[in-house]
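Here is the file my_file15.cif (mmCIF, N, CA and C atoms).
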```cif
data_my_file
loop_
_atom_site.group_PDB
_atom_site.id
_atom_site.type_symbol
_atom_site.label_atom_id
_atom_site.label_comp_id
_atom_site.auth_asym_id
_atom_site.auth_seq_id
_atom_site.Cartn_x
_atom_site.Cartn_y
_atom_site.Cartn_z
ATOM 1 N N MET S 1 0.857 -1.164 0.000
ATOM 2 C CA MET S 1 0.000 0.000 0.000
ATOM 3 C C MET S 1 0.908 1.233 0.000
ATOM 4 N N GLY S 2 0.597 2.163 -0.861
ATOM 5 C CA GLY S 2 1.419 3.361 -0.984
ATOM 6 C C GLY S 2 1.157 4.370 0.123
ATOM 7 N N GLU S 3 2.064 5.342 0.218
ATOM 8 C CA GLU S 3 1.969 6.360 1.258
ATOM 9 C C GLU S 3 0.690 7.178 1.138
ATOM 10 N N ARG S 4 0.294 7.494 -0.074
ATOM 11 C CA ARG S 4 -0.938 8.282 -0.288
ATOM 12 C C ARG S 4 -2.172 7.505 0.195
ATOM 13 N N ALA S 5 -2.216 6.200 -0.091
ATOM 14 C CA ALA S 5 -3.344 5.374 0.339
ATOM 15 C C ALA S 5 -3.414 5.312 1.863
ATOM 16 N N ILE S 6 -2.267 5.172 2.502
ATOM 17 C CA ILE S 6 -2.229 5.142 3.969
ATOM 18 C C ILE S 6 -2.677 6.494 4.526
ATOM 19 N N GLU S 7 -2.196 7.581 3.923
ATOM 20 C CA GLU S 7 -2.588 8.917 4.381
ATOM 21 C C GLU S 7 -4.107 9.107 4.267
ATOM 22 N N ASN S 8 -4.686 8.656 3.171
ATOM 23 C CA ASN S 8 -6.134 8.764 2.991
ATOM 24 C C ASN S 8 -6.888 7.942 4.039
ATOM 25 N N ARG S 9 -6.379 6.767 4.336
ATOM 26 C CA ARG S 9 -7.019 5.934 5.359
ATOM 27 C C ARG S 9 -6.912 6.578 6.736
ATOM 28 N N VAL S 10 -5.772 7.180 7.022
ATOM 29 C CA VAL S 10 -5.603 7.859 8.311
ATOM 30 C C VAL S 10 -6.552 9.049 8.401
ATOM 31 N N LYS S 11 -6.706 9.801 7.316
ATOM 32 C CA LYS S 11 -7.643 10.925 7.308
ATOM 33 C C LYS S 11 -9.066 10.446 7.559
ATOM 34 N N LYS S 12 -9.444 9.351 6.897
ATOM 35 C CA LYS S 12 -10.780 8.799 7.090
ATOM 36 C C LYS S 12 -10.955 8.312 8.530
ATOM 37 N N LEU S 13 -9.924 7.664 9.056
ATOM 38 C CA LEU S 13 -9.945 7.189 10.439
ATOM 39 C C LEU S 13 -10.132 8.340 11.411
ATOM 40 N N LYS S 14 -9.383 9.421 11.211
ATOM 41 C CA LYS S 14 -9.493 10.603 12.075
ATOM 42 C C LYS S 14 -10.896 11.205 12.006
ATOM 43 N N ALA S 15 -11.466 11.270 10.808
ATOM 44 C CA ALA S 15 -12.816 11.813 10.645
ATOM 45 C C ALA S 15 -13.840 10.939 11.369
ATOM 46 N N LEU S 16 -13.691 9.631 11.266
ATOM 47 C CA LEU S 16 -14.606 8.716 11.946
ATOM 48 C C LEU S 16 -14.455 8.808 13.464
ATOM 49 N N GLU S 17 -13.221 8.979 13.926
ATOM 50 C CA GLU S 17 -12.995 9.132 15.365
ATOM 51 C C GLU S 17 -13.673 10.389 15.891
ATOM 52 N N GLU S 18 -13.650 11.465 15.111
ATOM 53 C CA GLU S 18 -14.326 12.701 15.514
ATOM 54 C C GLU S 18 -15.837 12.495 15.562
ATOM 55 N N GLN S 19 -16.371 11.783 14.572
ATOM 56 C CA GLN S 19 -17.800 11.473 14.576
ATOM 57 C C GLN S 19 -18.161 10.641 15.810
ATOM 58 N N LYS S 20 -17.291 9.694 16.117
ATOM 59 C CA LYS S 20 -17.510 8.829 17.283
ATOM 60 C C LYS S 20 -17.554 9.662 18.558
ATOM 61 N N LYS S 21 -16.622 10.607 18.702
ATOM 62 C CA LYS S 21 -16.612 11.475 19.882
ATOM 63 C C LYS S 21 -17.917 12.258 19.984
ATOM 64 N N GLY S 22 -18.382 12.770 18.862
ATOM 65 C CA GLY S 22 -19.633 13.517 18.850
ATOM 66 C C GLY S 22 -20.814 12.651 19.247
ATOM 67 N N LEU S 23 -20.864 11.430 18.714
ATOM 68 C CA LEU S 23 -21.945 10.509 19.052
ATOM 69 C C LEU S 23 -21.884 10.094 20.521
ATOM 70 N N GLU S 24 -20.671 9.843 21.020
ATOM 71 C CA GLU S 24 -20.524 9.472 22.427
ATOM 72 C C GLU S 24 -20.978 10.608 23.337
ATOM 73 N N ALA S 25 -20.698 11.849 22.948
ATOM 74 C CA ALA S 25 -21.137 13.004 23.737
ATOM 75 C C ALA S 25 -22.657 13.094 23.741
ATOM 76 N N GLN S 26 -23.285 12.856 22.595
ATOM 77 C CA GLN S 26 -24.747 12.875 22.514
ATOM 78 C C GLN S 26 -25.360 11.759 23.361
ATOM 79 N N ILE S 27 -24.768 10.580 23.290
ATOM 80 C CA ILE S 27 -25.250 9.437 24.065
ATOM 81 C C ILE S 27 -25.168 9.753 25.554
ATOM 82 N N SER S 28 -24.016 10.251 25.970
ATOM 83 C CA SER S 28 -23.809 10.590 27.374
ATOM 84 C C SER S 28 -24.805 11.643 27.844
ATOM 85 N N SER S 29 -25.041 12.645 27.020
ATOM 86 C CA SER S 29 -25.972 13.715 27.360
ATOM 87 C C SER S 29 -27.390 13.177 27.547
ATOM 88 N N LEU S 30 -27.829 12.337 26.623
ATOM 89 C CA LEU S 30 -29.166 11.753 26.728
ATOM 90 C C LEU S 30 -29.293 10.858 27.964
ATOM 91 N N GLN S 31 -28.252 10.077 28.237
ATOM 92 C CA GLN S 31 -28.268 9.226 29.423
ATOM 93 C C GLN S 31 -28.381 10.078 30.687
ATOM 94 N N GLU S 32 -27.614 11.161 30.752
ATOM 95 C CA GLU S 32 -27.649 12.029 31.927
ATOM 96 C C GLU S 32 -29.021 12.674 32.114
ATOM 97 N N GLU S 33 -29.659 13.079 31.020
ATOM 98 C CA GLU S 33 -31.005 13.659 31.103
ATOM 99 C C GLU S 33 -31.982 12.653 31.699
ATOM 100 N N ILE S 34 -31.918 11.415 31.232
ATOM 101 C CA ILE S 34 -32.818 10.369 31.729
ATOM 102 C C ILE S 34 -32.530 10.088 33.202
ATOM 103 N N LYS S 35 -31.252 9.985 33.561
ATOM 104 C CA LYS S 35 -30.875 9.726 34.955
ATOM 105 C C LYS S 35 -31.362 10.842 35.876
ATOM 106 N N LYS S 36 -31.165 12.086 35.466
ATOM 107 C CA LYS S 36 -31.613 13.220 36.279
ATOM 108 C C LYS S 36 -33.119 13.200 36.471
ATOM 109 N N ASP S 37 -33.855 12.858 35.417
ATOM 110 C CA ASP S 37 -35.303 12.781 35.506
ATOM 111 C C ASP S 37 -35.719 11.691 36.496
ATOM 112 N N MET S 38 -35.060 10.548 36.425
ATOM 113 C CA MET S 38 -35.384 9.452 37.334
ATOM 114 C C MET S 38 -35.042 9.814 38.772
ATOM 115 N N GLU S 39 -33.885 10.462 38.978
ATOM 116 C CA GLU S 39 -33.504 10.888 40.323
ATOM 117 C C GLU S 39 -34.497 11.910 40.868
ATOM 118 N N ALA S 40 -34.915 12.837 40.034
ATOM 119 C CA ALA S 40 -35.884 13.853 40.462
ATOM 120 C C ALA S 40 -37.204 13.207 40.878
ATOM 121 N N LYS S 41 -37.575 12.135 40.194
ATOM 122 C CA LYS S 41 -38.812 11.426 40.517
ATOM 123 C C LYS S 41 -38.622 10.423 41.652
ATOM 124 N N GLY S 42 -37.350 10.168 42.032
ATOM 125 C CA GLY S 42 -37.063 9.219 43.104
ATOM 126 C C GLY S 42 -37.348 7.780 42.732
ATOM 127 N N ILE S 43 -37.116 7.434 41.480
ATOM 128 C CA ILE S 43 -37.387 6.071 41.023
ATOM 129 C C ILE S 43 -36.122 5.429 40.456
ATOM 130 N N GLU S 44 -36.077 4.107 40.558
ATOM 131 C CA GLU S 44 -34.953 3.353 40.000
ATOM 132 C C GLU S 44 -35.341 2.610 38.731
ATOM 133 N N GLU S 45 -36.645 2.518 38.469
ATOM 134 C CA GLU S 45 -37.113 1.813 37.278
ATOM 135 C C GLU S 45 -38.346 2.520 36.742
ATOM 136 N N MET S 46 -38.421 2.600 35.421
ATOM 137 C CA MET S 46 -39.597 3.201 34.799
ATOM 138 C C MET S 46 -39.827 2.586 33.432
ATOM 139 N N ARG S 47 -41.058 2.693 32.979
ATOM 140 C CA ARG S 47 -41.422 2.244 31.635
ATOM 141 C C ARG S 47 -41.565 3.465 30.739
ATOM 142 N N ALA S 48 -41.105 3.304 29.522
ATOM 143 C CA ALA S 48 -41.271 4.345 28.505
ATOM 144 C C ALA S 48 -41.610 3.610 27.214
ATOM 145 N N GLY S 49 -42.894 3.482 26.955
ATOM 146 C CA GLY S 49 -43.313 2.712 25.777
ATOM 147 C C GLY S 49 -42.907 1.266 25.926
ATOM 148 N N ILE S 50 -42.149 0.764 24.979
ATOM 149 C CA ILE S 50 -41.716 -0.641 25.013
ATOM 150 C C ILE S 50 -40.441 -0.847 25.835
ATOM 151 N N PHE S 51 -39.898 0.235 26.402
ATOM 152 C CA PHE S 51 -38.626 0.167 27.118
ATOM 153 C C PHE S 51 -38.829 0.158 28.628
ATOM 154 N N ILE S 52 -37.972 -0.578 29.303
ATOM 155 C CA ILE S 52 -37.882 -0.522 30.756
ATOM 156 C C ILE S 52 -36.507 0.050 31.058
ATOM 157 N N ILE S 53 -36.480 1.155 31.783
ATOM 158 C CA ILE S 53 -35.226 1.840 32.092
ATOM 159 C C ILE S 53 -34.939 1.645 33.571
ATOM 160 N N ARG S 54 -33.727 1.231 33.881
ATOM 161 C CA ARG S 54 -33.318 1.034 35.267
ATOM 162 C C ARG S 54 -32.072 1.874 35.537
ATOM 163 N N PHE S 55 -32.071 2.516 36.681
ATOM 164 C CA PHE S 55 -30.911 3.259 37.154
ATOM 165 C C PHE S 55 -30.768 2.912 38.626
ATOM 166 N N THR S 56 -30.047 1.822 38.883
ATOM 167 C CA THR S 56 -29.981 1.258 40.220
ATOM 168 C C THR S 56 -28.575 1.337 40.800
ATOM 169 N N SER S 57 -28.513 1.284 42.120
ATOM 170 C CA SER S 57 -27.234 1.244 42.817
ATOM 171 C C SER S 57 -26.738 -0.192 42.847
ATOM 172 N N VAL S 58 -25.449 -0.357 42.637
ATOM 173 C CA VAL S 58 -24.845 -1.681 42.618
ATOM 174 C C VAL S 58 -23.607 -1.653 43.502
ATOM 175 N N LEU S 59 -23.486 -2.624 44.391
ATOM 176 C CA LEU S 59 -22.294 -2.760 45.215
ATOM 177 C C LEU S 59 -21.371 -3.789 44.583
ATOM 178 N N SER S 60 -20.089 -3.484 44.558
ATOM 179 C CA SER S 60 -19.124 -4.448 44.040
ATOM 180 C C SER S 60 -17.878 -4.396 44.897
ATOM 181 N N SER S 61 -17.145 -5.473 44.917
ATOM 182 C CA SER S 61 -15.900 -5.552 45.674
ATOM 183 C C SER S 61 -14.737 -5.478 44.705
ATOM 184 N N ARG S 62 -13.796 -4.636 45.032
ATOM 185 C CA ARG S 62 -12.605 -4.477 44.185
ATOM 186 C C ARG S 62 -11.360 -4.633 45.057
ATOM 187 N N PHE S 63 -10.362 -5.235 44.492
ATOM 188 C CA PHE S 63 -9.112 -5.426 45.206
ATOM 189 C C PHE S 63 -8.319 -4.127 45.193
ATOM 190 N N ASP S 64 -7.902 -3.661 46.365
ATOM 191 C CA ASP S 64 -7.158 -2.409 46.501
ATOM 192 C C ASP S 64 -5.668 -2.681 46.274
ATOM 193 N N THR S 65 -5.278 -2.672 45.014
ATOM 194 C CA THR S 65 -3.895 -2.993 44.638
ATOM 195 C C THR S 65 -2.911 -2.010 45.254
ATOM 196 N N LYS S 66 -3.247 -0.741 45.241
ATOM 197 C CA LYS S 66 -2.338 0.281 45.759
ATOM 198 C C LYS S 66 -2.050 0.063 47.245
ATOM 199 N N ARG S 67 -3.094 -0.161 48.009
ATOM 200 C CA ARG S 67 -2.922 -0.367 49.451
ATOM 201 C C ARG S 67 -2.163 -1.662 49.725
ATOM 202 N N PHE S 68 -2.503 -2.729 48.983
ATOM 203 C CA PHE S 68 -1.807 -3.999 49.151
ATOM 204 C C PHE S 68 -0.320 -3.839 48.861
ATOM 205 N N LYS S 69 -0.007 -3.112 47.786
ATOM 206 C CA LYS S 69 1.392 -2.891 47.411
ATOM 207 C C LYS S 69 2.122 -2.117 48.497
ATOM 208 N N GLU S 70 1.455 -1.129 49.109
ATOM 209 C CA GLU S 70 2.072 -0.342 50.180
ATOM 210 C C GLU S 70 2.356 -1.197 51.411
ATOM 211 N N GLN S 71 1.431 -2.074 51.746
ATOM 212 C CA GLN S 71 1.565 -2.873 52.964
ATOM 213 C C GLN S 71 2.379 -4.144 52.760
ATOM 214 N N TYR S 72 2.292 -4.734 51.581
ATOM 215 C CA TYR S 72 2.952 -6.012 51.312
ATOM 216 C C TYR S 72 3.717 -5.950 49.999
ATOM 217 N N GLY S 73 4.608 -4.975 49.890
ATOM 218 C CA GLY S 73 5.349 -4.750 48.653
ATOM 219 C C GLY S 73 6.101 -5.961 48.158
ATOM 220 N N ASP S 74 6.753 -6.674 49.064
ATOM 221 C CA ASP S 74 7.536 -7.846 48.649
ATOM 222 C C ASP S 74 6.628 -8.952 48.119
ATOM 223 N N LEU S 75 5.505 -9.150 48.749
ATOM 224 C CA LEU S 75 4.555 -10.167 48.290
ATOM 225 C C LEU S 75 3.943 -9.747 46.951
ATOM 226 N N TYR S 76 3.620 -8.482 46.830
ATOM 227 C CA TYR S 76 3.086 -7.942 45.574
ATOM 228 C C TYR S 76 4.062 -8.189 44.433
ATOM 229 N N ASP S 77 5.335 -7.872 44.658
ATOM 230 C CA ASP S 77 6.361 -8.034 43.623
ATOM 231 C C ASP S 77 6.516 -9.491 43.184
ATOM 232 N N ARG S 78 6.279 -10.424 44.105
ATOM 233 C CA ARG S 78 6.416 -11.843 43.749
ATOM 234 C C ARG S 78 5.313 -12.299 42.802
ATOM 235 N N TYR S 79 4.164 -11.633 42.812
ATOM 236 C CA TYR S 79 3.032 -12.075 42.011
ATOM 237 C C TYR S 79 2.718 -11.183 40.806
ATOM 238 N N VAL S 80 3.429 -10.090 40.680
ATOM 239 C CA VAL S 80 3.214 -9.218 39.527
ATOM 240 C C VAL S 80 3.998 -9.777 38.345
ATOM 241 N N LYS S 81 3.355 -9.770 37.175
ATOM 242 C CA LYS S 81 4.072 -10.221 35.990
ATOM 243 C C LYS S 81 3.900 -9.181 34.892
ATOM 244 N N GLN S 82 4.922 -9.024 34.099
ATOM 245 C CA GLN S 82 4.864 -8.103 32.975
ATOM 246 C C GLN S 82 4.185 -8.795 31.802
ATOM 247 N N VAL S 83 3.403 -8.022 31.090
ATOM 248 C CA VAL S 83 2.681 -8.547 29.938
ATOM 249 C C VAL S 83 3.014 -7.641 28.740
ATOM 250 N N ALA S 84 3.378 -8.243 27.645
ATOM 251 C CA ALA S 84 3.710 -7.485 26.439
ATOM 252 C C ALA S 84 2.443 -7.254 25.621
ATOM 253 N N SER S 85 2.342 -6.074 25.050
ATOM 254 C CA SER S 85 1.233 -5.768 24.160
ATOM 255 C C SER S 85 1.730 -4.789 23.107
ATOM 256 N N ARG S 86 0.909 -4.533 22.125
ATOM 257 C CA ARG S 86 1.260 -3.588 21.075
ATOM 258 C C ARG S 86 0.284 -2.447 21.115
ATOM 259 N N ARG S 87 0.777 -1.236 20.899
ATOM 260 C CA ARG S 87 -0.054 -0.047 20.929
ATOM 261 C C ARG S 87 -0.053 0.601 19.564
ATOM 262 N N PHE S 88 -1.245 0.965 19.076
ATOM 263 C CA PHE S 88 -1.393 1.612 17.785
ATOM 264 C C PHE S 88 -1.728 3.082 18.038
ATOM 265 N N THR S 89 -0.890 3.997 17.551
ATOM 266 C CA THR S 89 -1.135 5.416 17.732
ATOM 267 C C THR S 89 -0.870 6.171 16.423
ATOM 268 N N ILE S 90 -1.563 7.281 16.290
ATOM 269 C CA ILE S 90 -1.347 8.173 15.155
ATOM 270 C C ILE S 90 -1.217 9.573 15.730
ATOM 271 N N SER S 91 -0.168 10.271 15.356
ATOM 272 C CA SER S 91 -0.017 11.635 15.866
ATOM 273 C C SER S 91 0.274 12.598 14.724
#
```
The structure in this file should be written as structure tokens.
Amino acid sequence: MGERAIENRVKKLKALEEQKKGLEAQISSLQEEIKKDMEAKGIEEMRAGIFIIRFTSVLSSRFDTKRFKEQYGDLYDRYVKQVASRRFTIS
């Protein structure tokens, strides 16, 4: 593939990424509007036509890696492993 073809693909990729950002912003905005409405009404579930919308609290347990590393650094180091990956960037 020639340099011009790659440049055109990168331009198209950049344009699509911008569209994606715009769509994600719209999605986030609409979600926030719905959440605020539900919070104002004091409800966690509602029906809207054929849709059931839920905005519920969820508890989850997460391992506190930072605190564990501070308290048990030597043990942490024994179980940490490096993982190789590849990163794709355009600047």
Mind pulling up the distance from atom CA of S:Ile43 to atom CA of S:Ser28?
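Calculated distance between atom CA of S:Ser28 and atom CA of S:Ile43 is 19.8 Å.
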Neighbourhood query: residues within 6 Å of (-34.8, 2.8, 38.5), file coordinates, counting all atoms listed in the file; return as a PyMOL selection string.
chain S and resi 43-46+53-56
Residues as selected, N, CA and C atoms, written as a PDB file, keeping the file's coordinate frame, can you do that?
```pdb
ATOM      1  N   ILE S  43     -37.116   7.434  41.480  1.00  0.00           N
ATOM      2  CA  ILE S  43     -37.387   6.071  41.023  1.00  0.00           C
ATOM      3  C   ILE S  43     -36.122   5.429  40.456  1.00  0.00           C
ATOM      4  N   GLU S  44     -36.077   4.107  40.558  1.00  0.00           N
ATOM      5  CA  GLU S  44     -34.953   3.353  40.000  1.00  0.00           C
ATOM      6  C   GLU S  44     -35.341   2.610  38.731  1.00  0.00           C
ATOM      7  N   GLU S  45     -36.645   2.518  38.469  1.00  0.00           N
ATOM      8  CA  GLU S  45     -37.113   1.813  37.278  1.00  0.00           C
ATOM      9  C   GLU S  45     -38.346   2.520  36.742  1.00  0.00           C
ATOM     10  N   MET S  46     -38.421   2.600  35.421  1.00  0.00           N
ATOM     11  CA  MET S  46     -39.597   3.201  34.799  1.00  0.00           C
ATOM     12  C   MET S  46     -39.827   2.586  33.432  1.00  0.00           C
ATOM     13  N   ILE S  53     -36.480   1.155  31.783  1.00  0.00           N
ATOM     14  CA  ILE S  53     -35.226   1.840  32.092  1.00  0.00           C
ATOM     15  C   ILE S  53     -34.939   1.645  33.571  1.00  0.00           C
ATOM     16  N   ARG S  54     -33.727   1.231  33.881  1.00  0.00           N
ATOM     17  CA  ARG S  54     -33.318   1.034  35.267  1.00  0.00           C
ATOM     18  C   ARG S  54     -32.072   1.874  35.537  1.00  0.00           C
ATOM     19  N   PHE S  55     -32.071   2.516  36.681  1.00  0.00           N
ATOM     20  CA  PHE S  55     -30.911   3.259  37.154  1.00  0.00           C
ATOM     21  C   PHE S  55     -30.768   2.912  38.626  1.00  0.00           C
ATOM     22  N   THR S  56     -30.047   1.822  38.883  1.00  0.00           N
ATOM     23  CA  THR S  56     -29.981   1.258  40.220  1.00  0.00           C
ATOM     24  C   THR S  56     -28.575   1.337  40.800  1.00  0.00           C
TER      25      THR S  56
END
```
Which parts of chain S does DSSP call strand (DSSP E) when run on the backbone here, written out as a VMD selection string?
chain S and resid 45 to 48 51 to 54
Mind giving me the straight-line distance from atom CA of S:Ile90 to atom C of S:Val10 in Å, one decimal?
8.6 Å
Atom pair atom N of S:Asp37 / atom CA of S:Glu24: separation (Å)
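These two atoms are separated by 18.9 Å.
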Can you tell me which residues surround stretch 81-89 of chain S at a distance of at most 12 Å, considering only C-alpha atoms, apart from same-chain residues fewer than 2 positions away, and format the answer as a PDB file with N, CA and C atoms, in the frame of the given file?
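Heads up, here's the output in part-v1.pdb:
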```
ATOM      1  N   VAL S  10      -5.772   7.180   7.022  1.00  0.00           N
ATOM      2  CA  VAL S  10      -5.603   7.859   8.311  1.00  0.00           C
ATOM      3  C   VAL S  10      -6.552   9.049   8.401  1.00  0.00           C
ATOM      4  N   LEU S  13      -9.924   7.664   9.056  1.00  0.00           N
ATOM      5  CA  LEU S  13      -9.945   7.189  10.439  1.00  0.00           C
ATOM      6  C   LEU S  13     -10.132   8.340  11.411  1.00  0.00           C
ATOM      7  N   LYS S  14      -9.383   9.421  11.211  1.00  0.00           N
ATOM      8  CA  LYS S  14      -9.493  10.603  12.075  1.00  0.00           C
ATOM      9  C   LYS S  14     -10.896  11.205  12.006  1.00  0.00           C
ATOM     10  N   TYR S  76       3.620  -8.482  46.830  1.00  0.00           N
ATOM     11  CA  TYR S  76       3.086  -7.942  45.574  1.00  0.00           C
ATOM     12  C   TYR S  76       4.062  -8.189  44.433  1.00  0.00           C
ATOM     13  N   ASP S  77       5.335  -7.872  44.658  1.00  0.00           N
ATOM     14  CA  ASP S  77       6.361  -8.034  43.623  1.00  0.00           C
ATOM     15  C   ASP S  77       6.516  -9.491  43.184  1.00  0.00           C
ATOM     16  N   ARG S  78       6.279 -10.424  44.105  1.00  0.00           N
ATOM     17  CA  ARG S  78       6.416 -11.843  43.749  1.00  0.00           C
ATOM     18  C   ARG S  78       5.313 -12.299  42.802  1.00  0.00           C
ATOM     19  N   TYR S  79       4.164 -11.633  42.812  1.00  0.00           N
ATOM     20  CA  TYR S  79       3.032 -12.075  42.011  1.00  0.00           C
ATOM     21  C   TYR S  79       2.718 -11.183  40.806  1.00  0.00           C
ATOM     22  N   SER S  91      -0.168  10.271  15.356  1.00  0.00           N
ATOM     23  CA  SER S  91      -0.017  11.635  15.866  1.00  0.00           C
ATOM     24  C   SER S  91       0.274  12.598  14.724  1.00  0.00           C
TER      25      SER S  91
END
```
I need the residues in stretch 34-91 of chain S that are alpha helix (DSSP H) according to DSSP; give them as a PyMOL selection string.
chain S and resi 34-41+65-71+73-79
Would you save the residues from that selection as a compact mmCIF listing (two decimals), in the coordinates of the input, using N, CA and C atoms?
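Dumped everything to result.txt:
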```txt
# COMPACT_ATOMS: atom_id res chain seq x y z
N ILE S 34 -31.92 11.42 31.23
CA ILE S 34 -32.82 10.37 31.73
C ILE S 34 -32.53 10.09 33.20
N LYS S 35 -31.25 9.98 33.56
CA LYS S 35 -30.88 9.73 34.96
C LYS S 35 -31.36 10.84 35.88
N LYS S 36 -31.16 12.09 35.47
CA LYS S 36 -31.61 13.22 36.28
C LYS S 36 -33.12 13.20 36.47
N ASP S 37 -33.85 12.86 35.42
CA ASP S 37 -35.30 12.78 35.51
C ASP S 37 -35.72 11.69 36.50
N MET S 38 -35.06 10.55 36.42
CA MET S 38 -35.38 9.45 37.33
C MET S 38 -35.04 9.81 38.77
N GLU S 39 -33.88 10.46 38.98
CA GLU S 39 -33.50 10.89 40.32
C GLU S 39 -34.50 11.91 40.87
N ALA S 40 -34.92 12.84 40.03
CA ALA S 40 -35.88 13.85 40.46
C ALA S 40 -37.20 13.21 40.88
N LYS S 41 -37.58 12.14 40.19
CA LYS S 41 -38.81 11.43 40.52
C LYS S 41 -38.62 10.42 41.65
N THR S 65 -5.28 -2.67 45.01
CA THR S 65 -3.90 -2.99 44.64
C THR S 65 -2.91 -2.01 45.25
N LYS S 66 -3.25 -0.74 45.24
CA LYS S 66 -2.34 0.28 45.76
C LYS S 66 -2.05 0.06 47.24
N ARG S 67 -3.09 -0.16 48.01
CA ARG S 67 -2.92 -0.37 49.45
C ARG S 67 -2.16 -1.66 49.72
N PHE S 68 -2.50 -2.73 48.98
CA PHE S 68 -1.81 -4.00 49.15
C PHE S 68 -0.32 -3.84 48.86
N LYS S 69 -0.01 -3.11 47.79
CA LYS S 69 1.39 -2.89 47.41
C LYS S 69 2.12 -2.12 48.50
N GLU S 70 1.46 -1.13 49.11
CA GLU S 70 2.07 -0.34 50.18
C GLU S 70 2.36 -1.20 51.41
N GLN S 71 1.43 -2.07 51.75
CA GLN S 71 1.56 -2.87 52.96
C GLN S 71 2.38 -4.14 52.76
N GLY S 73 4.61 -4.97 49.89
CA GLY S 73 5.35 -4.75 48.65
C GLY S 73 6.10 -5.96 48.16
N ASP S 74 6.75 -6.67 49.06
CA ASP S 74 7.54 -7.85 48.65
C ASP S 74 6.63 -8.95 48.12
N LEU S 75 5.50 -9.15 48.75
CA LEU S 75 4.56 -10.17 48.29
C LEU S 75 3.94 -9.75 46.95
N TYR S 76 3.62 -8.48 46.83
CA TYR S 76 3.09 -7.94 45.57
C TYR S 76 4.06 -8.19 44.43
N ASP S 77 5.34 -7.87 44.66
CA ASP S 77 6.36 -8.03 43.62
C ASP S 77 6.52 -9.49 43.18
N ARG S 78 6.28 -10.42 44.10
CA ARG S 78 6.42 -11.84 43.75
C ARG S 78 5.31 -12.30 42.80
N TYR S 79 4.16 -11.63 42.81
CA TYR S 79 3.03 -12.08 42.01
C TYR S 79 2.72 -11.18 40.81
```
